[in-house]
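Undergrad: Can you read through this structure? Questions will come right after.
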Amino acid sequence: PHAGPVESKNEAAMSELVPEPRQKPVVPMKPVGINANLLGYIGIDTIIEQMRKKTMKTGFDFNIMVVGQSGLGKSTLVNTLFKSQVSRKSSGWNREEKIPKTVEIKAIGHVIEEGGVKMKLTVIDTPGFGDQINNENCWEPIEKYINEQYEKFLKEEVNIARKKRIPDTRVHCCLYFISPTGHSLRPLDLEFMKHLSKVVNIIPVIAKADTMTLEEKIEFKQRVRKELEVNGIEFYPQKEFDEDLEDKTENDKIRQESMPFAVVGSDKEYQVNGKRVLGRKTPWGIIEVENLTHCEFALLRDFVIRTHLQDLKEVTHNIHYETYRAKRLNDNGGLPPMTVETEENHESNL
Amino acid sequence: QNDGYRTLSLSGHVGFSSLPDQLVKKSIKQGFSFNILCIGETGSGKSTLINSLFNTNFDDPVSTHFLPSVQLRAQTYELQESNVLLKLTVVNTVGFGDQINKEDSCQPVVDYIDAQFEAYLQEELKIKRSLFSYHDTRIHACLYFILPTGHSLKSLDLLTMKSLDSKVNIIPIISKADSISKTELQKFKNKIMSEFDSNGIQIYQFPTDDESVSGINVLMNEHLPFAVVGSTEDVKIGNTMVRARRYPWGTVQVENENHCDFVKLREMLIRTNMEDLREQTHARHYELYRRCRLEEMGFRDIGPENKPVSLQEAYEAKRQEFYLEMQRKEEEMRQQFMQRVKEKEAILKEAEQQVQTKFDRRMLMHQEVKLKLEREKKVLEDEIAMFMQKKANADLLQSQASVSTPLVSLKRDKDRK
């Protein structure tokens with residue numbers, strides 16, 4: 001029958017279209033299960049030191065975005081987090097400057113060093129978010145910015161001659177500032193987090209927490225958590241990315257008890273009990289920023305910087321970026337053509 | 001270096017100095033892979049050396065000298081030291097240098113190395129990929145075993161190393177170094193190094209850019225190639241059991257730096273530069289492979305007018321190209337199919353015709369025969385009719401004759417009277 005010769009011609013035609021992958025070798029993909037008993041010290045564990053040295057030499061990038069209505073203390077908080085003037089504060093603003101008509105994206109980069117570790121920190125501010133009368137779709141410029149960074153990275157990755165180290169401008173962490181109303185989340189909050197939790201790691205924080213008493217704080221946090229859950233908003237650390245039991249227990253505790261962190265920021269120091277501490281001075285007392293009984297700033301700092309910084313970057317790279325890449329390569333043309341913003345957007349602190 | 005970023009000073013402890021620790025912690029969780037390729041003739045001491053390096057018995061079967069071609073055999077082991085889990089893959093060449101005609105000896109090795117790069121590239125090009133959980137099988141270090149002839153490198157060695165030096169980190173070692181004396185050894189080493197130079201073979205140089213390791217690395221670079229001895233036997237020297245080879249004239253201790261360079265090799269390969277070997281493989285050798293392969297597949301970074309091609313354009317262009325190609329092929333196939341159908345139809349038609357003609361002819365014949373038979377039948381019937389008539393006439397005549405016969409006899413009688 002004539003079906004035979006037509007079929008093989010089909011195959012031959014197909015193999016001309018797709019470059020044939022070379023033959024796969026005889027490597028067993030799974031280890032042969034030989035847990036070889038070492039009869040003496042070899043020195044494999046020195047690879048940890050080797051790796052550490054290498055990473056210290058290359059340095060790290062970290063990009064953090066702050067989103068929230070104006071006046072919630074975003075800039076102050078970031079400055080407190082990184083113990084330096086990484087953000088230009090509103091008090092430094094020319095008071096005559098109007099609130100921007102649309103959401104602007106301002107990225108400012110700094111190099112900071114601690115203990116031999118060099119970090120290129122970029123703080124991305126979003127003035128104008130939620131400040132207009134009509135705030136419909138005000139998350140769109142932010143989503144666009146985040147996707148643009150993924151696009152930039154993808155373009156570099158796809159090059160034939162690639163850079164040794166692709167500059168990473170992707171947003172690793174987005175702090176979303178919730179207004180301490182004491183009631184519940186606003187529709188804008190829900191809308192923003194619903195859209196953006198799919199593309200970036202969102203860490204919700206309750207701003208200016210010194211306006212709530214302890215009981216109000218606990219209740220508010222519970223309500224916020226519930227609302228986030230009901231609306232299916234997966235904030236960082238996302239449940240589905242817990243790698244093992246250890247991670248899960250650690251992260252469960254954070255998700256169900258600590259988050260969202262109720263924080264207070266300050267860059268002024270006061271004398272309390274013979275020590276100089278960062279705080280806010282009020283007629284009724286000094287609120288110590290790093291005192292865990294006063295607010296949860298220290299928890300946020302430890303969480304973001306001291307324990308989960310690397311994980312934030314990895315989730316961004318291994319999951320959010322990969323999702324973007326898969327979508328982009330799949331429906332190539334389904335997304336609107338990207339006009340990549342160049343270095344003009346990176347304001348260097350002159 | 002800072003691309004216009006201003007340096008800020010911190011007014012207090014922030015805590016990101018723990019970042020390398022966070023990174024390391026994650027890497028430990030994921031585990032590490034390290035892949036070594038050993039190239040050397042059968043019996044040059046590859047398995048013994050690996051056993052000595054990793055201080056264990058990997059149980060490699062001994063191979064014969066009579067294999068028709070070079071093959072590669074890979075085995076993966078899981079080693080654990082403190083909390084570090086290492087997936088070690090050792091790839092051995094089997095039958096290298098045994099054939100009478102060694103022209104094709106190095107091709108299987110090159111193919112193997114390329115295949116690992118290809119597998120990684122295919123994973124990287126996938127739309128849904130999982131690079132962070134990918135078991136990296138790319139060769140990080142290639143130990144090339146040189147037999148201590150004392151003269152110079154064999155042509156097979158030169159050819160093989162030349163074809164591999166841009167694909168893998170080559171670490172040449174002189175094996176079974178206990179069969180060569182110290183003075184001969186130094187001369188041999190110098191000869192080898194100068195042969196590398198004159199043939200343009202790039203062997204792996206231990207990195208000297210990091211201050212903490214550059215000192216020792218520079219020193220080690222001068223001792224290349226390392227002359228090593230391996231052993232699977234433990235001998236008691238003083239109070240300890242050490243790996244050694246026992247001869248009537250003395251005992252060669254593997255870990256004695258005066259006896260051989262084994263300790264140096266282990267130090268360099270594992271304790272100092274393992275991470276660098278992995279990085280070079282990924283950042284240099286793999287990138288080169290990838291670049292060549294993508295160009296082979298037709299991708300370009302710069303378009304025809306020397307403007308950078310965007311990703312979307314590149315994919316779109318490729319897609320368009322493939323689509324047109326596919327359409328063309330489809331059309332071609334369709335045409336061919338039609339052609340074949342026509343041909344078959346024609347054949348069938350002709351057969352049908354033939355059958356028809358046969359049938360017609362037979363019918364005709366049948367008609368003729370029938371006619372003939374009818375004619376004959378008619379003839380016979382006529383004859384029968386005639387015969388009947390004759391018979392009837394004859395009967396009639398006979399009956400008339402019997403009436404007239406008495407007259408005839410009377411007449412006769414009358415005559416007589």
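Identifiers in this document derive from the order of the structure tokens: chains are assigned A, B, ..., residues are numbered from 1 separately in each chain, and ligands are numbered from 1 in order of occurrence.
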List every residue of region 42-228 of chain A that DSSP, applied to the backbone, labels as strand (DSSP E), and write the result as a ChimeraX atom specification.

TA: /A:60-67,106-114,117-125,173-178,202-206

Undergrad: Once you count only C-alpha atoms, what closest atom pair and distance in Å to one decimal does each residue of region 123-212 of chain A within 8 Å of region 57-75 of chain A have, with rows by chain and rising residue number, as JSON lines?

TA:
```
{"residue": "A:Val123", "atom": "CA", "partner": "A:Ile64", "partner_atom": "CA", "distance": 5.1}
{"residue": "A:Ile124", "atom": "CA", "partner": "A:Met65", "partner_atom": "CA", "distance": 4.4}
{"residue": "A:Asp125", "atom": "CA", "partner": "A:Val66", "partner_atom": "CA", "distance": 5.4}
{"residue": "A:Thr126", "atom": "CA", "partner": "A:Val67", "partner_atom": "CA", "distance": 5.8}
{"residue": "A:Pro127", "atom": "CA", "partner": "A:Ser70", "partner_atom": "CA", "distance": 6.8}
{"residue": "A:Gly128", "atom": "CA", "partner": "A:Ser70", "partner_atom": "CA", "distance": 7.0}
{"residue": "A:Phe129", "atom": "CA", "partner": "A:Gln69", "partner_atom": "CA", "distance": 5.6}
{"residue": "A:Gly130", "atom": "CA", "partner": "A:Gln69", "partner_atom": "CA", "distance": 5.3}
{"residue": "A:Asp131", "atom": "CA", "partner": "A:Gln69", "partner_atom": "CA", "distance": 6.0}
{"residue": "A:Asp168", "atom": "CA", "partner": "A:Asp61", "partner_atom": "CA", "distance": 6.6}
{"residue": "A:Thr169", "atom": "CA", "partner": "A:Asn63", "partner_atom": "CA", "distance": 6.6}
{"residue": "A:Arg170", "atom": "CA", "partner": "A:Asn63", "partner_atom": "CA", "distance": 6.7}
{"residue": "A:Val171", "atom": "CA", "partner": "A:Asn63", "partner_atom": "CA", "distance": 5.1}
{"residue": "A:His172", "atom": "CA", "partner": "A:Asn63", "partner_atom": "CA", "distance": 5.5}
{"residue": "A:Cys173", "atom": "CA", "partner": "A:Ile64", "partner_atom": "CA", "distance": 4.9}
{"residue": "A:Cys174", "atom": "CA", "partner": "A:Met65", "partner_atom": "CA", "distance": 4.6}
{"residue": "A:Leu175", "atom": "CA", "partner": "A:Val66", "partner_atom": "CA", "distance": 4.9}
{"residue": "A:Tyr176", "atom": "CA", "partner": "A:Val67", "partner_atom": "CA", "distance": 5.0}
{"residue": "A:Phe177", "atom": "CA", "partner": "A:Gly68", "partner_atom": "CA", "distance": 4.9}
{"residue": "A:Ile178", "atom": "CA", "partner": "A:Gly68", "partner_atom": "CA", "distance": 7.0}
{"residue": "A:Ser179", "atom": "CA", "partner": "A:Leu72", "partner_atom": "CA", "distance": 7.0}
{"residue": "A:Ala207", "atom": "CA", "partner": "A:Leu72", "partner_atom": "CA", "distance": 5.9}
{"residue": "A:Lys208", "atom": "CA", "partner": "A:Leu72", "partner_atom": "CA", "distance": 6.6}
```

Undergrad: Which residues, written as a list in words, have at least one atom at most 10 Å from Asp21 (chain B), with only C-alpha atoms counted and residues fewer than 4 positions away on the same chain left out?

TA: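 My reading of the contact set: Ile48, Glu49, Met51, Arg52, Arg306, Thr307 and Gln310 of chain A; Phe16, Ser17, Lys25, Lys26 and Ser27 of chain B.
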
Undergrad: Find the distance between CA of Met268 (chain B) and CA of Ser198 (chain B) and write it in Å to one decimal.

TA: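 Computing the Euclidean distance for CA of Met268 (chain B) and CA of Ser198 (chain B) yields 25.3 Å.
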
Undergrad: Fewer than 5 positions away in the same chain doesn't count, so skip those; otherwise give me all residues within 12 Å of region 241-252 of chain A, counting only C-alpha atoms, as a ChimeraX atom specification.

TA: /A:201,234-236,257-259,303,307-308,311-312,314-316,318-320 /B:26,29-30,133

Undergrad: Only N, CA, C and O atoms, please: the residues just picked out, written as a compact mmCIF listing (two decimals), in the first residue's frame.

TA:
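Saved to out_30.txt:
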```txt
# COMPACT_ATOMS: atom_id res chain seq x y z
N ASN A 201 7.47 38.94 43.81
CA ASN A 201 7.30 38.59 45.22
C ASN A 201 6.75 39.80 45.97
O ASN A 201 7.40 40.83 46.05
N GLU A 234 -1.38 35.17 46.87
CA GLU A 234 -0.21 34.47 47.39
C GLU A 234 0.93 35.46 47.54
O GLU A 234 1.59 35.81 46.59
N PHE A 235 1.13 35.89 48.80
CA PHE A 235 2.26 36.81 48.98
C PHE A 235 3.50 35.98 49.33
O PHE A 235 3.41 34.79 49.61
N TYR A 236 4.66 36.63 49.29
CA TYR A 236 5.90 35.92 49.58
C TYR A 236 5.99 35.67 51.09
O TYR A 236 5.69 36.58 51.86
N GLU A 257 1.68 33.96 61.43
CA GLU A 257 1.75 34.76 62.63
C GLU A 257 2.32 36.14 62.40
O GLU A 257 1.73 37.13 62.82
N SER A 258 3.47 36.20 61.75
CA SER A 258 4.13 37.50 61.68
C SER A 258 3.61 38.41 60.59
O SER A 258 3.53 39.62 60.77
N MET A 259 3.30 37.81 59.43
CA MET A 259 2.93 38.69 58.32
C MET A 259 1.48 39.08 58.38
O MET A 259 0.67 38.29 58.86
N PHE A 303 13.88 39.16 58.16
CA PHE A 303 13.27 38.33 57.15
C PHE A 303 13.79 38.65 55.76
O PHE A 303 14.25 37.78 55.02
N THR A 307 17.74 36.54 56.32
CA THR A 307 17.49 35.12 56.06
C THR A 307 16.98 34.82 54.66
O THR A 307 17.32 33.79 54.09
N HIS A 308 16.16 35.69 54.12
CA HIS A 308 15.51 35.33 52.86
C HIS A 308 15.94 36.13 51.65
O HIS A 308 15.31 36.04 50.60
N ASP A 311 16.81 33.86 48.87
CA ASP A 311 15.64 33.14 48.40
C ASP A 311 14.73 34.03 47.57
O ASP A 311 14.15 33.60 46.57
N LEU A 312 14.63 35.31 47.97
CA LEU A 312 13.84 36.25 47.16
C LEU A 312 14.37 36.30 45.74
O LEU A 312 13.61 36.26 44.77
N GLU A 314 16.15 34.02 44.25
CA GLU A 314 16.00 32.74 43.54
C GLU A 314 14.59 32.52 43.08
O GLU A 314 14.36 32.02 41.97
N VAL A 315 13.60 32.87 43.91
CA VAL A 315 12.21 32.70 43.48
C VAL A 315 11.95 33.59 42.27
O VAL A 315 11.28 33.19 41.31
N THR A 316 12.50 34.81 42.31
CA THR A 316 12.33 35.70 41.16
C THR A 316 12.93 35.07 39.91
O THR A 316 12.31 35.08 38.84
N ASN A 318 14.01 31.76 39.35
CA ASN A 318 13.60 30.41 38.95
C ASN A 318 12.13 30.30 38.65
O ASN A 318 11.72 29.36 37.98
N ILE A 319 11.32 31.19 39.20
CA ILE A 319 9.89 31.02 39.01
C ILE A 319 9.26 32.17 38.24
O ILE A 319 8.72 31.96 37.16
N HIS A 320 9.35 33.37 38.77
CA HIS A 320 8.67 34.47 38.07
C HIS A 320 9.27 34.71 36.70
O HIS A 320 8.56 34.86 35.70
N LYS B 26 21.77 27.34 50.35
CA LYS B 26 20.91 26.85 49.28
C LYS B 26 21.65 25.85 48.41
O LYS B 26 21.11 24.83 48.01
N LYS B 29 21.83 22.52 49.95
CA LYS B 29 20.56 21.80 49.84
C LYS B 29 20.43 21.14 48.48
O LYS B 29 19.98 20.02 48.34
N GLN B 30 20.82 21.90 47.43
CA GLN B 30 20.66 21.36 46.08
C GLN B 30 21.69 20.29 45.78
O GLN B 30 21.48 19.43 44.94
N SER B 133 17.11 22.38 38.76
CA SER B 133 17.13 21.00 39.25
C SER B 133 17.75 20.07 38.21
O SER B 133 17.64 18.87 38.30
```

Undergrad: Hey, what's within 8 Å of Pro20 (chain B) if we count only C-alpha atoms and toss same-chain stuff fewer than 5 positions away? As a list in words, please?

TA: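 Answer for this query is Arg52, Thr55, Met56 and Val117 of chain A.
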